[in-house]
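Here's the structure, in structure tokens; my notes come after.
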Amino acid sequence: MAYYGGSGNGLIVSFGEMLIDFVPTVSGVSLADAPGFLKAPGGAPANVAIAVARLGGNAAFIGKLGDDEFGRMLAGILKENGVSTDGVTFDGGARTALAFVTLRADGEREFMFYRNPSADMLLAPHELNFHLIRSAKVFHYGSISLIVEPCRSAHLKAMEVAKDGGALLSYDPNLRLPLWPSAEEAREQILSIWEKADVIKVSDEELQFLTQSNIVDDESAMSLWHHNLKLLLVTLGDKGCRYYTKNFKGAVDTYQVKTVDTTGAGDSFVGAILCKIVDDQFIIEEEGRLKEVVRYACACGALSTTKKGAIPALPTHSQVLALLNAPKRPRRSFSFRSWFSFV
């Protein structure tokens with residue numbers, strides 16, 4: 001039986017989708033006018049797992065890929081980055097999900113998905129690696145896997161097993177409205193598991209969507225608080241991040257970088273948070289320590305915008321320290337939003 005402890009670091013298991021993003025070779029053009037595309041691995045839960053591993057953490061990914069060249073490539077990328085693939089299964093009848101992307105001149109994206117259905121949608125409860133899930137100290141997930149069966153049932157079962165095993169549950173909804181039947185269905189299903197999570201991260205736009213308000217402030221954020229929640233994080237694009245716990249709240253600014261592509265910035269941020277709290281959850285209860293962790297995560301998010309694609313730009317611990325220790329400069333805009341991957 002596999003051992004998932006490794007180097008004294010608690011295991012962070014990330015559940016959900018992994019896919020191929022096709023990004024135009026030039027910015028500011030439509031999909032039809034793009035002269036070519038670069039293929040890039042993506043999918044928010046997979047990005048989080050690799051972000052954790054890049055920072056020296058212990059990570060595993062659970063999900064289903066097509067038994068095709070892209071699926072095998074993605075599994076190989078997980079392994080190359082030090083992420084356990086013991087929870088990865090392959091489907092011989094469905095392809096790996098694809099997303100074609102329009103990368104605008106400002107670094108934001110519009111997207112077109114190919115999932116009719118894709119393999120990630122077909123993961124069934126009986127295919128889950130329960131030993132791996134029970135080994136997790138943190139179990140992280142999004143909402144894309146709630147859209148259709150059987151993956152929805154697999155998602156709910158995995159959460160149940162992880163919670164029973166004592167894991168901290170981490171939730172980043174990663175709203176992707178084009179994948180849902182309707183906005184109402186998206187809101188209902190995202191909130192259907194809200195009170196199970198111990199840690200939740202949302203963007204400012206997700207906050208507005210879930211609260212059905214155009215206001216982003218402490219009051220609107222705290223309207224999403226529930227009695228089981230330990231930490232709520234709201235990323236604010238170029239305004240940084242706000243954090244909320246049962247006993248205190250605060251804010252952290254972002255860092256100056258030359259932004260190339262914002263894909264995966266939020267996933268890098270989440271990976272950093274989880275990597276820092278997995279073995280010391282008391283950090284959440286101490287504002288000084290938590291604020292330093294959030295600063296670290298904001299630096300990770302910023303660095304991940306400096307290259308095209310999510311995974312190539314995910315930083316190492318030494319790169320983050322270099323940014324944190326650099327002379328302070330005027331704040332430059334970047335966004336945690338990543339619009340085309342299930343990221």
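Lettering and numbering for the structure tokens are positional, with chains as A, B, ... in the shown order, residues counted from 1 in each chain, and ligands counted from 1 in the shown order.
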Write out, as a tab-separated table, each residue of stretch 85-178 of chain A that has an atom at most 9 Å from stretch 274-284 of chain A, together with the closest pair of atoms and their distance in Å to one decimal, counting only C-alpha atoms, rows going by chain and rising number.
residue	atom	partner	partner_atom	distance
A:Lys137	CA	A:Val278	CA	6.4
A:Val138	CA	A:Val278	CA	6.4
A:His140	CA	A:Leu274	CA	8.8
A:Leu168	CA	A:Val278	CA	8.2
A:Ser170	CA	A:Leu274	CA	8.2
At most 10 Å is the cut-off: for each residue in stretch 135-244 of chain A with any atom that close to an atom of stretch 109-113 of chain A, write down the nearest atom pair and the distance in Å rounded to one decimal, counting only C-alpha atoms, chain first then increasing number, as a tab-separated table.
residue	atom	partner	partner_atom	distance
A:Arg176	CA	A:Phe111	CA	9.9
A:Pro178	CA	A:Phe113	CA	8.3
A:Leu179	CA	A:Phe113	CA	7.9
Would you mind exporting C-alpha atoms of the selected residues as a PDB file, in the first residue's frame?
ATOM      1  CA  ARG A 176     -17.361  29.185 -15.203  1.00  0.00           C
ATOM      2  CA  PRO A 178     -20.618  28.780 -19.879  1.00  0.00           C
ATOM      3  CA  LEU A 179     -20.328  25.271 -18.437  1.00  0.00           C
TER       4      LEU A 179
END
Stretch 179-198 of chain A residues near stretch 142-160 of chain A within 7 Å, closest pair each, using only C-alpha atoms, as CSV:
residue,atom,partner,partner_atom,distance
A:Trp180,CA,A:Ile147,CA,6.6
A:Gln189,CA,A:Leu146,CA,6.9
A:Ile190,CA,A:Ser143,CA,6.0
For the selection you just gave me, I'd like the residues written to a file as a tab-separated table (two decimals), in the first residue's frame, keeping N, CA, C and O atoms.
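What follows is the written file selection24.tsv:
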chain	number	residue	atom	x	y	z
A	180	TRP	N	-22.34	25.79	-17.15
A	180	TRP	CA	-23.54	25.48	-16.39
A	180	TRP	C	-24.80	25.65	-17.25
A	180	TRP	O	-24.82	26.49	-18.15
A	189	GLN	N	-25.96	25.13	-7.04
A	189	GLN	CA	-25.06	24.00	-6.82
A	189	GLN	C	-23.77	24.42	-6.11
A	189	GLN	O	-23.26	23.69	-5.26
A	190	ILE	N	-23.25	25.58	-6.44
A	190	ILE	CA	-22.05	26.07	-5.75
A	190	ILE	C	-22.33	26.22	-4.27
A	190	ILE	O	-21.52	25.84	-3.41
Discussion item. Rounded to one decimal, what separation in Å do you get between atom CA of A:Val260 and atom CA of A:Ser203?
Written reply: 19.7 Å
Item to complete: Determine which residues of stretch 35-266 of chain A receive a DSSP assignment of strand (DSSP E or B), computed from the backbone, and state them as a VMD selection string.
Response: chain A and resid 37 to 42 58 to 66 84 to 91 98 to 103 109 to 114 138 to 141 168 to 171 199 to 203 231 to 235 241 to 244 249 to 252
What are the nearest atom pairs, with distances in Å to one decimal, for all residues of stretch 190-283 of chain A that come at most 7 Å from stretch 308-327 of chain A, using only C-alpha atoms, set out by chain and rising residue number as CSV?
residue,atom,partner,partner_atom,distance
A:Val260,CA,A:Lys308,CA,6.3
A:Asp261,CA,A:Lys308,CA,5.2
A:Thr263,CA,A:Ala310,CA,5.1
A:Gly264,CA,A:Ala310,CA,4.6
A:Ser268,CA,A:Leu314,CA,6.3
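The residue that comes closest to A:Phe130, out of A:Ala251, A:Leu55, A:Leu78, A:Val13 and on the basis of only C-alpha atoms, is A:Val13.
Shortest atom-to-atom contact with A:Val293 among A:Phe248, A:Tyr255, A:Tyr243, A:Phe209: A:Tyr243, counting only C-alpha atoms.
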Fill in: Non-local contacts of A:Asn247 (12 Å; only C-alpha atoms; under 5 positions in same chain excluded) as a PyMOL selection string
chain A and resi 229-232+284-287
Only all heavy atoms, please: the residues just picked out, written as an mmCIF file, in the first residue's frame.
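Output (again_33.cif):
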data_model
loop_
_atom_site.group_PDB
_atom_site.id
_atom_site.type_symbol
_atom_site.label_atom_id
_atom_site.label_comp_id
_atom_site.auth_asym_id
_atom_site.auth_seq_id
_atom_site.Cartn_x
_atom_site.Cartn_y
_atom_site.Cartn_z
ATOM 1 N N LEU A 229 -16.987 27.574 9.039
ATOM 2 C CA LEU A 229 -15.892 28.154 8.273
ATOM 3 C C LEU A 229 -14.774 28.654 9.196
ATOM 4 O O LEU A 229 -15.030 29.246 10.243
ATOM 5 C CB LEU A 229 -16.428 29.298 7.411
ATOM 6 C CG LEU A 229 -15.539 29.843 6.289
ATOM 7 C CD1 LEU A 229 -15.125 28.752 5.327
ATOM 8 C CD2 LEU A 229 -16.277 30.954 5.540
ATOM 9 N N LYS A 230 -13.528 28.425 8.766
ATOM 10 C CA LYS A 230 -12.373 28.892 9.526
ATOM 11 C C LYS A 230 -11.680 30.066 8.854
ATOM 12 O O LYS A 230 -11.110 30.922 9.534
ATOM 13 C CB LYS A 230 -11.375 27.734 9.712
ATOM 14 C CG LYS A 230 -11.931 26.573 10.517
ATOM 15 C CD LYS A 230 -10.916 25.452 10.645
ATOM 16 C CE LYS A 230 -11.492 24.300 11.462
ATOM 17 N NZ LYS A 230 -10.517 23.176 11.578
ATOM 18 N N LEU A 231 -11.719 30.097 7.507
ATOM 19 C CA LEU A 231 -11.021 31.155 6.779
ATOM 20 C C LEU A 231 -11.733 31.423 5.462
ATOM 21 O O LEU A 231 -11.993 30.500 4.696
ATOM 22 C CB LEU A 231 -9.573 30.734 6.498
ATOM 23 C CG LEU A 231 -8.710 31.675 5.650
ATOM 24 C CD1 LEU A 231 -8.539 33.029 6.339
ATOM 25 C CD2 LEU A 231 -7.348 31.035 5.377
ATOM 26 N N LEU A 232 -12.056 32.699 5.224
ATOM 27 C CA LEU A 232 -12.639 33.138 3.961
ATOM 28 C C LEU A 232 -11.677 34.121 3.315
ATOM 29 O O LEU A 232 -11.252 35.095 3.948
ATOM 30 C CB LEU A 232 -13.994 33.808 4.199
ATOM 31 C CG LEU A 232 -14.665 34.450 2.969
ATOM 32 C CD1 LEU A 232 -15.024 33.399 1.922
ATOM 33 C CD2 LEU A 232 -15.908 35.234 3.389
ATOM 34 N N ILE A 284 -4.289 30.036 11.192
ATOM 35 C CA ILE A 284 -5.559 30.711 10.903
ATOM 36 C C ILE A 284 -6.053 31.512 12.102
ATOM 37 O O ILE A 284 -6.774 32.494 11.950
ATOM 38 C CB ILE A 284 -6.615 29.679 10.456
ATOM 39 C CG1 ILE A 284 -6.182 29.025 9.132
ATOM 40 C CG2 ILE A 284 -7.996 30.308 10.305
ATOM 41 C CD1 ILE A 284 -7.066 27.871 8.701
ATOM 42 N N GLU A 285 -5.642 31.120 13.302
ATOM 43 C CA GLU A 285 -6.125 31.769 14.522
ATOM 44 C C GLU A 285 -5.223 32.909 14.994
ATOM 45 O O GLU A 285 -5.572 33.605 15.949
ATOM 46 C CB GLU A 285 -6.253 30.722 15.633
ATOM 47 C CG GLU A 285 -7.215 29.595 15.286
ATOM 48 C CD GLU A 285 -7.233 28.490 16.328
ATOM 49 O OE1 GLU A 285 -6.693 28.720 17.439
ATOM 50 O OE2 GLU A 285 -7.781 27.420 16.040
ATOM 51 N N GLU A 286 -4.076 33.093 14.330
ATOM 52 C CA GLU A 286 -3.121 34.123 14.749
ATOM 53 C C GLU A 286 -2.954 35.124 13.623
ATOM 54 O O GLU A 286 -2.358 34.814 12.593
ATOM 55 C CB GLU A 286 -1.790 33.479 15.119
ATOM 56 C CG GLU A 286 -1.898 32.471 16.246
ATOM 57 C CD GLU A 286 -0.580 31.767 16.528
ATOM 58 O OE1 GLU A 286 0.480 32.362 16.233
ATOM 59 O OE2 GLU A 286 -0.614 30.631 17.023
ATOM 60 N N GLU A 287 -3.452 36.340 13.809
ATOM 61 C CA GLU A 287 -3.530 37.289 12.699
ATOM 62 C C GLU A 287 -2.170 37.645 12.117
ATOM 63 O O GLU A 287 -2.016 37.734 10.892
ATOM 64 C CB GLU A 287 -4.253 38.562 13.120
ATOM 65 C CG GLU A 287 -4.429 39.519 11.956
ATOM 66 C CD GLU A 287 -5.353 40.680 12.247
ATOM 67 O OE1 GLU A 287 -5.708 40.895 13.421
ATOM 68 O OE2 GLU A 287 -5.726 41.364 11.288
#
Item to complete: Name all residues at most 10 Å from A:Phe90 (count only C-alpha atoms; drop same-chain ones fewer than 6 positions away) and give them as a list in words.
Response: Gly63, Lys64, Leu65, Gly66, Asp67, Asp68, Gly71, Arg72, Ala75, Thr96, Ala119, Asp120, Leu122 and Leu123 of chain A
Excluding A:Ala272 and any residue of its chain fewer than 4 positions from it, enumerate the residues within 12 Å of it, using only C-alpha atoms, and give them as a compact mmCIF listing (two decimals) with all heavy atoms, in the first residue's frame.
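Contents of the output file result01.txt:
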# COMPACT_ATOMS: atom_id res chain seq x y z
N ILE A 12 -1.74 17.18 0.62
CA ILE A 12 -2.82 18.00 0.08
C ILE A 12 -3.34 17.30 -1.17
O ILE A 12 -2.61 17.15 -2.16
CB ILE A 12 -2.32 19.42 -0.27
CG1 ILE A 12 -1.83 20.12 1.00
CG2 ILE A 12 -3.44 20.23 -0.94
CD1 ILE A 12 -1.09 21.42 0.75
N ASN A 47 -3.84 22.61 -11.28
CA ASN A 47 -2.91 23.72 -11.07
C ASN A 47 -2.57 23.89 -9.60
O ASN A 47 -1.42 24.15 -9.24
CB ASN A 47 -3.53 25.02 -11.58
CG ASN A 47 -3.64 25.08 -13.09
OD1 ASN A 47 -3.01 24.32 -13.80
ND2 ASN A 47 -4.46 25.99 -13.57
N VAL A 48 -3.57 23.75 -8.74
CA VAL A 48 -3.34 23.88 -7.30
C VAL A 48 -2.38 22.79 -6.83
O VAL A 48 -1.44 23.06 -6.05
CB VAL A 48 -4.66 23.83 -6.51
CG1 VAL A 48 -4.40 23.69 -5.01
CG2 VAL A 48 -5.49 25.08 -6.78
N ALA A 49 -2.58 21.57 -7.28
CA ALA A 49 -1.70 20.47 -6.88
C ALA A 49 -0.26 20.74 -7.28
O ALA A 49 0.68 20.54 -6.49
CB ALA A 49 -2.19 19.16 -7.50
N ILE A 50 -0.06 21.22 -8.51
CA ILE A 50 1.29 21.50 -8.97
C ILE A 50 1.87 22.72 -8.25
O ILE A 50 3.07 22.76 -7.93
CB ILE A 50 1.32 21.68 -10.51
CG1 ILE A 50 0.98 20.34 -11.17
CG2 ILE A 50 2.68 22.19 -10.99
CD1 ILE A 50 0.87 20.39 -12.68
N ALA A 51 1.03 23.71 -7.96
CA ALA A 51 1.49 24.88 -7.20
C ALA A 51 2.04 24.43 -5.85
O ALA A 51 3.10 24.92 -5.39
CB ALA A 51 0.35 25.87 -7.01
N VAL A 52 1.34 23.53 -5.18
CA VAL A 52 1.78 23.01 -3.88
C VAL A 52 3.13 22.31 -4.02
O VAL A 52 4.06 22.56 -3.24
CB VAL A 52 0.73 22.03 -3.31
CG1 VAL A 52 1.30 21.25 -2.12
CG2 VAL A 52 -0.53 22.78 -2.89
N ALA A 53 3.25 21.44 -5.03
CA ALA A 53 4.49 20.70 -5.22
C ALA A 53 5.66 21.62 -5.55
O ALA A 53 6.78 21.41 -5.06
CB ALA A 53 4.30 19.66 -6.34
N ARG A 54 5.42 22.65 -6.36
CA ARG A 54 6.49 23.60 -6.70
C ARG A 54 7.03 24.30 -5.46
O ARG A 54 8.20 24.68 -5.40
CB ARG A 54 5.96 24.65 -7.68
CG ARG A 54 5.76 24.17 -9.09
CD ARG A 54 7.00 24.40 -9.95
NE ARG A 54 6.79 23.80 -11.26
CZ ARG A 54 6.28 24.44 -12.30
NH1 ARG A 54 5.93 25.72 -12.18
NH2 ARG A 54 6.13 23.81 -13.45
N LEU A 55 6.17 24.51 -4.49
CA LEU A 55 6.57 25.21 -3.26
C LEU A 55 7.16 24.25 -2.23
O LEU A 55 7.46 24.66 -1.12
CB LEU A 55 5.36 25.95 -2.67
CG LEU A 55 4.82 27.10 -3.53
CD1 LEU A 55 3.50 27.62 -2.95
CD2 LEU A 55 5.84 28.23 -3.64
N GLY A 56 7.31 22.99 -2.60
CA GLY A 56 7.91 22.01 -1.71
C GLY A 56 6.92 21.20 -0.91
O GLY A 56 7.32 20.43 -0.02
N GLY A 57 5.63 21.35 -1.22
CA GLY A 57 4.61 20.61 -0.50
C GLY A 57 4.38 19.21 -1.05
O GLY A 57 4.95 18.81 -2.07
N ASN A 58 3.51 18.48 -0.38
CA ASN A 58 3.20 17.09 -0.71
C ASN A 58 1.80 17.06 -1.33
O ASN A 58 0.82 17.32 -0.64
CB ASN A 58 3.25 16.25 0.57
CG ASN A 58 3.12 14.76 0.31
OD1 ASN A 58 3.21 14.31 -0.82
ND2 ASN A 58 2.90 14.00 1.37
N ALA A 59 1.71 16.78 -2.62
CA ALA A 59 0.44 16.94 -3.35
C ALA A 59 0.07 15.69 -4.13
O ALA A 59 0.93 14.97 -4.64
CB ALA A 59 0.53 18.13 -4.30
N ALA A 265 -3.37 32.42 -11.66
CA ALA A 265 -2.91 33.22 -10.52
C ALA A 265 -3.65 32.85 -9.24
O ALA A 265 -3.05 32.72 -8.17
CB ALA A 265 -3.06 34.71 -10.82
N GLY A 266 -4.97 32.68 -9.36
CA GLY A 266 -5.75 32.29 -8.19
C GLY A 266 -5.39 30.91 -7.68
O GLY A 266 -5.40 30.65 -6.47
N ASP A 267 -5.04 30.01 -8.60
CA ASP A 267 -4.65 28.66 -8.20
C ASP A 267 -3.30 28.67 -7.49
O ASP A 267 -3.09 27.93 -6.52
CB ASP A 267 -4.59 27.75 -9.42
CG ASP A 267 -5.90 27.73 -10.16
OD1 ASP A 267 -6.95 27.78 -9.52
OD2 ASP A 267 -5.88 27.68 -11.41
N SER A 268 -2.39 29.50 -7.97
CA SER A 268 -1.10 29.66 -7.30
C SER A 268 -1.29 30.21 -5.90
O SER A 268 -0.66 29.74 -4.93
CB SER A 268 -0.22 30.60 -8.13
OG SER A 268 1.04 30.77 -7.54
N LYS A 276 1.08 26.36 3.31
CA LYS A 276 1.54 26.96 4.55
C LYS A 276 0.72 26.52 5.78
O LYS A 276 1.24 26.52 6.90
CB LYS A 276 1.49 28.49 4.44
CG LYS A 276 2.54 29.06 3.51
CD LYS A 276 3.94 28.79 4.02
CE LYS A 276 5.00 29.44 3.15
NZ LYS A 276 6.37 29.15 3.66
N ILE A 277 -0.54 26.16 5.58
CA ILE A 277 -1.37 25.83 6.75
C ILE A 277 -1.56 24.33 6.95
O ILE A 277 -2.07 23.92 7.99
CB ILE A 277 -2.76 26.51 6.67
CG1 ILE A 277 -3.60 25.94 5.53
CG2 ILE A 277 -2.61 28.03 6.55
CD1 ILE A 277 -5.04 26.47 5.50
N VAL A 278 -1.15 23.51 5.99
CA VAL A 278 -1.45 22.08 6.06
C VAL A 278 -0.91 21.44 7.34
O VAL A 278 -1.56 20.58 7.94
CB VAL A 278 -0.93 21.33 4.81
CG1 VAL A 278 0.58 21.43 4.67
CG2 VAL A 278 -1.37 19.87 4.84
N LEU A 290 -1.04 34.72 9.99
CA LEU A 290 -1.90 34.55 8.83
C LEU A 290 -1.64 35.64 7.78
O LEU A 290 -1.59 35.36 6.59
CB LEU A 290 -3.37 34.57 9.24
CG LEU A 290 -4.37 34.43 8.08
CD1 LEU A 290 -4.18 33.10 7.35
CD2 LEU A 290 -5.80 34.56 8.58
N GLU A 292 1.12 37.16 7.14
CA GLU A 292 2.35 36.83 6.43
C GLU A 292 2.11 35.73 5.40
O GLU A 292 2.67 35.76 4.30
CB GLU A 292 3.44 36.41 7.42
CG GLU A 292 3.97 37.56 8.26
CD GLU A 292 4.46 38.73 7.40
OE1 GLU A 292 5.27 38.47 6.49
OE2 GLU A 292 4.02 39.87 7.63
N VAL A 293 1.29 34.77 5.75
CA VAL A 293 0.96 33.69 4.81
C VAL A 293 0.20 34.25 3.61
O VAL A 293 0.46 33.88 2.46
CB VAL A 293 0.15 32.59 5.52
CG1 VAL A 293 -0.49 31.64 4.50
CG2 VAL A 293 1.04 31.81 6.47
N VAL A 294 -0.75 35.15 3.86
CA VAL A 294 -1.51 35.75 2.75
C VAL A 294 -0.59 36.60 1.87
O VAL A 294 -0.72 36.60 0.64
CB VAL A 294 -2.70 36.57 3.28
CG1 VAL A 294 -3.43 37.26 2.15
CG2 VAL A 294 -3.67 35.66 4.04
N ARG A 295 0.36 37.32 2.48
CA ARG A 295 1.35 38.06 1.68
C ARG A 295 2.14 37.12 0.78
O ARG A 295 2.38 37.41 -0.39
CB ARG A 295 2.31 38.82 2.60
CG ARG A 295 1.77 40.10 3.19
CD ARG A 295 2.91 41.00 3.65
NE ARG A 295 2.37 42.18 4.30
CZ ARG A 295 2.27 42.34 5.62
NH1 ARG A 295 2.67 41.38 6.43
NH2 ARG A 295 1.77 43.45 6.12
N TYR A 296 2.56 36.02 1.35
CA TYR A 296 3.31 35.01 0.59
C TYR A 296 2.46 34.51 -0.58
O TYR A 296 2.94 34.39 -1.71
CB TYR A 296 3.68 33.86 1.53
CG TYR A 296 4.50 32.76 0.92
CD1 TYR A 296 5.89 32.77 1.00
CD2 TYR A 296 3.90 31.66 0.30
CE1 TYR A 296 6.65 31.75 0.47
CE2 TYR A 296 4.64 30.64 -0.24
CZ TYR A 296 6.02 30.68 -0.16
OH TYR A 296 6.76 29.67 -0.70
N ALA A 297 1.19 34.24 -0.31
CA ALA A 297 0.29 33.74 -1.35
C ALA A 297 0.07 34.78 -2.44
O ALA A 297 0.00 34.45 -3.63
CB ALA A 297 -1.03 33.30 -0.74
N CYS A 298 -0.05 36.05 -2.04
CA CYS A 298 -0.21 37.12 -3.04
C CYS A 298 1.03 37.22 -3.93
O CYS A 298 0.92 37.48 -5.13
CB CYS A 298 -0.47 38.45 -2.34
SG CYS A 298 -2.16 38.64 -1.74
N ALA A 299 2.20 37.03 -3.34
CA ALA A 299 3.42 37.03 -4.14
C ALA A 299 3.43 35.87 -5.13
O ALA A 299 3.83 36.02 -6.29
CB ALA A 299 4.64 36.96 -3.22
N CYS A 300 2.96 34.71 -4.68
CA CYS A 300 2.84 33.56 -5.60
C CYS A 300 1.90 33.88 -6.75
O CYS A 300 2.20 33.59 -7.91
CB CYS A 300 2.34 32.34 -4.84
SG CYS A 300 3.52 31.58 -3.73
N GLY A 301 0.75 34.45 -6.42
CA GLY A 301 -0.20 34.81 -7.46
C GLY A 301 0.38 35.79 -8.45
O GLY A 301 0.19 35.66 -9.66
N ALA A 302 1.10 36.78 -7.95
CA ALA A 302 1.70 37.78 -8.84
C ALA A 302 2.73 37.15 -9.77
O ALA A 302 2.74 37.39 -10.98
CB ALA A 302 2.34 38.88 -8.00
N LEU A 303 3.61 36.33 -9.22
CA LEU A 303 4.65 35.70 -10.03
C LEU A 303 4.07 34.79 -11.11
O LEU A 303 4.65 34.66 -12.20
CB LEU A 303 5.60 34.89 -9.13
CG LEU A 303 6.57 35.72 -8.30
CD1 LEU A 303 7.27 34.83 -7.28
CD2 LEU A 303 7.61 36.39 -9.20
N SER A 304 2.93 34.20 -10.84
CA SER A 304 2.34 33.28 -11.80
C SER A 304 1.77 33.99 -13.02
O SER A 304 1.36 33.34 -13.98
CB SER A 304 1.26 32.42 -11.14
OG SER A 304 0.12 33.20 -10.85
N LEU A 314 4.05 28.83 -12.44
CA LEU A 314 3.89 28.59 -11.00
C LEU A 314 5.26 28.67 -10.33
O LEU A 314 6.19 27.99 -10.73
CB LEU A 314 3.24 27.23 -10.76
CG LEU A 314 1.79 27.11 -11.23
CD1 LEU A 314 1.32 25.66 -11.12
CD2 LEU A 314 0.87 28.04 -10.44
N PRO A 315 5.41 29.50 -9.29
CA PRO A 315 6.75 29.77 -8.74
C PRO A 315 7.22 28.73 -7.74
O PRO A 315 6.44 27.97 -7.16
CB PRO A 315 6.54 31.12 -8.04
CG PRO A 315 5.12 31.08 -7.58
CD PRO A 315 4.37 30.34 -8.67
N THR A 316 8.53 28.74 -7.53
CA THR A 316 9.15 27.97 -6.47
C THR A 316 9.26 28.85 -5.22
O THR A 316 9.09 30.06 -5.27
CB THR A 316 10.56 27.51 -6.88
OG1 THR A 316 11.38 28.68 -7.08
CG2 THR A 316 10.53 26.69 -8.16
N HIS A 317 9.57 28.21 -4.10
CA HIS A 317 9.71 28.95 -2.84
C HIS A 317 10.80 30.02 -2.94
O HIS A 317 10.61 31.15 -2.48
CB HIS A 317 10.03 27.97 -1.72
CG HIS A 317 10.24 28.60 -0.39
ND1 HIS A 317 9.27 29.30 0.28
CD2 HIS A 317 11.37 28.66 0.41
CE1 HIS A 317 9.75 29.76 1.43
NE2 HIS A 317 11.01 29.39 1.53
N VAL A 320 9.60 33.07 -4.77
CA VAL A 320 8.68 33.86 -3.95
C VAL A 320 9.46 34.70 -2.95
O VAL A 320 9.20 35.90 -2.77
CB VAL A 320 7.67 32.96 -3.23
CG1 VAL A 320 6.74 33.80 -2.36
CG2 VAL A 320 6.86 32.15 -4.22
Discussion item. Give me the residues near stretch 32-45 of chain A as a ChimeraX atom specification, where near means some atom within 8 Å (using only C-alpha atoms) and where sequence neighbours in that chain fewer than 5 positions away do not count.
Written reply: /A:14-26,61,74,140-142,174,264,267,309-311,341-343
Can you check which parts of stretch 179-222 of chain A lie within 10 Å of stretch 235-238 of chain A? Per residue, the shortest pair of atoms and distance in Å to one decimal, counting only C-alpha atoms, sorted by chain and number, as JSON lines.
{"residue": "A:Lys201", "atom": "CA", "partner": "A:Thr235", "partner_atom": "CA", "distance": 7.5}
{"residue": "A:Val202", "atom": "CA", "partner": "A:Thr235", "partner_atom": "CA", "distance": 6.4}
{"residue": "A:Ser203", "atom": "CA", "partner": "A:Thr235", "partner_atom": "CA", "distance": 4.7}
{"residue": "A:Asp204", "atom": "CA", "partner": "A:Leu236", "partner_atom": "CA", "distance": 5.4}
{"residue": "A:Glu205", "atom": "CA", "partner": "A:Leu236", "partner_atom": "CA", "distance": 8.5}
{"residue": "A:Glu206", "atom": "CA", "partner": "A:Thr235", "partner_atom": "CA", "distance": 9.6}
{"residue": "A:Leu207", "atom": "CA", "partner": "A:Thr235", "partner_atom": "CA", "distance": 9.5}
{"residue": "A:Val216", "atom": "CA", "partner": "A:Leu236", "partner_atom": "CA", "distance": 8.9}
Write out, as an mmCIF file, in the first residue's frame, the residues just selected, with N, CA and C atoms.
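Below is the file that was written, part.cif:
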data_model
loop_
_atom_site.group_PDB
_atom_site.id
_atom_site.type_symbol
_atom_site.label_atom_id
_atom_site.label_comp_id
_atom_site.auth_asym_id
_atom_site.auth_seq_id
_atom_site.Cartn_x
_atom_site.Cartn_y
_atom_site.Cartn_z
ATOM 1 N N LYS A 201 -12.066 30.240 -0.848
ATOM 2 C CA LYS A 201 -11.507 31.373 -1.573
ATOM 3 C C LYS A 201 -12.444 31.722 -2.718
ATOM 4 N N VAL A 202 -12.815 33.014 -2.835
ATOM 5 C CA VAL A 202 -13.621 33.487 -3.960
ATOM 6 C C VAL A 202 -12.974 34.747 -4.520
ATOM 7 N N SER A 203 -13.228 35.012 -5.796
ATOM 8 C CA SER A 203 -12.820 36.281 -6.390
ATOM 9 C C SER A 203 -13.895 37.329 -6.112
ATOM 10 N N ASP A 204 -13.573 38.591 -6.380
ATOM 11 C CA ASP A 204 -14.574 39.639 -6.199
ATOM 12 C C ASP A 204 -15.788 39.410 -7.096
ATOM 13 N N GLU A 205 -15.574 38.949 -8.325
ATOM 14 C CA GLU A 205 -16.698 38.705 -9.225
ATOM 15 C C GLU A 205 -17.542 37.524 -8.769
ATOM 16 N N GLU A 206 -16.910 36.498 -8.206
ATOM 17 C CA GLU A 206 -17.676 35.381 -7.654
ATOM 18 C C GLU A 206 -18.478 35.819 -6.432
ATOM 19 N N LEU A 207 -17.895 36.701 -5.642
ATOM 20 C CA LEU A 207 -18.621 37.256 -4.496
ATOM 21 C C LEU A 207 -19.882 37.983 -4.962
ATOM 22 N N VAL A 216 -18.806 44.958 -3.319
ATOM 23 C CA VAL A 216 -17.752 44.108 -2.765
ATOM 24 C C VAL A 216 -17.192 44.819 -1.540
#
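Across the model, the gap from atom CA of A:Gly10 to atom CA of A:Lys307 is 29.2 Å.
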Fill in: Gap from atom CA of A:Ala124 to atom CA of A:Asp198 - Å, one decimal
24.7 Å
Discussion item. Can you pull out every residue from stretch 267-331 of chain A that DSSP, working from the backbone, puts in alpha helix (DSSP H), and format the result as a ChimeraX atom specification?
Written reply: /A:267-277,287-303,310-313,317-325
Practice prompt. For A:Asp217, please output as a PyMOL selection string all residues within 10 Å (counting only C-alpha atoms; exclusion window: fewer than 3 positions along the same chain).
Written response: chain A and resi 204+207-208+214+220-222+234+242
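Nearest residue to A:Thr211 among A:Val29, A:Leu98, A:Leu191, A:Val161 is A:Leu191, counting only C-alpha atoms.
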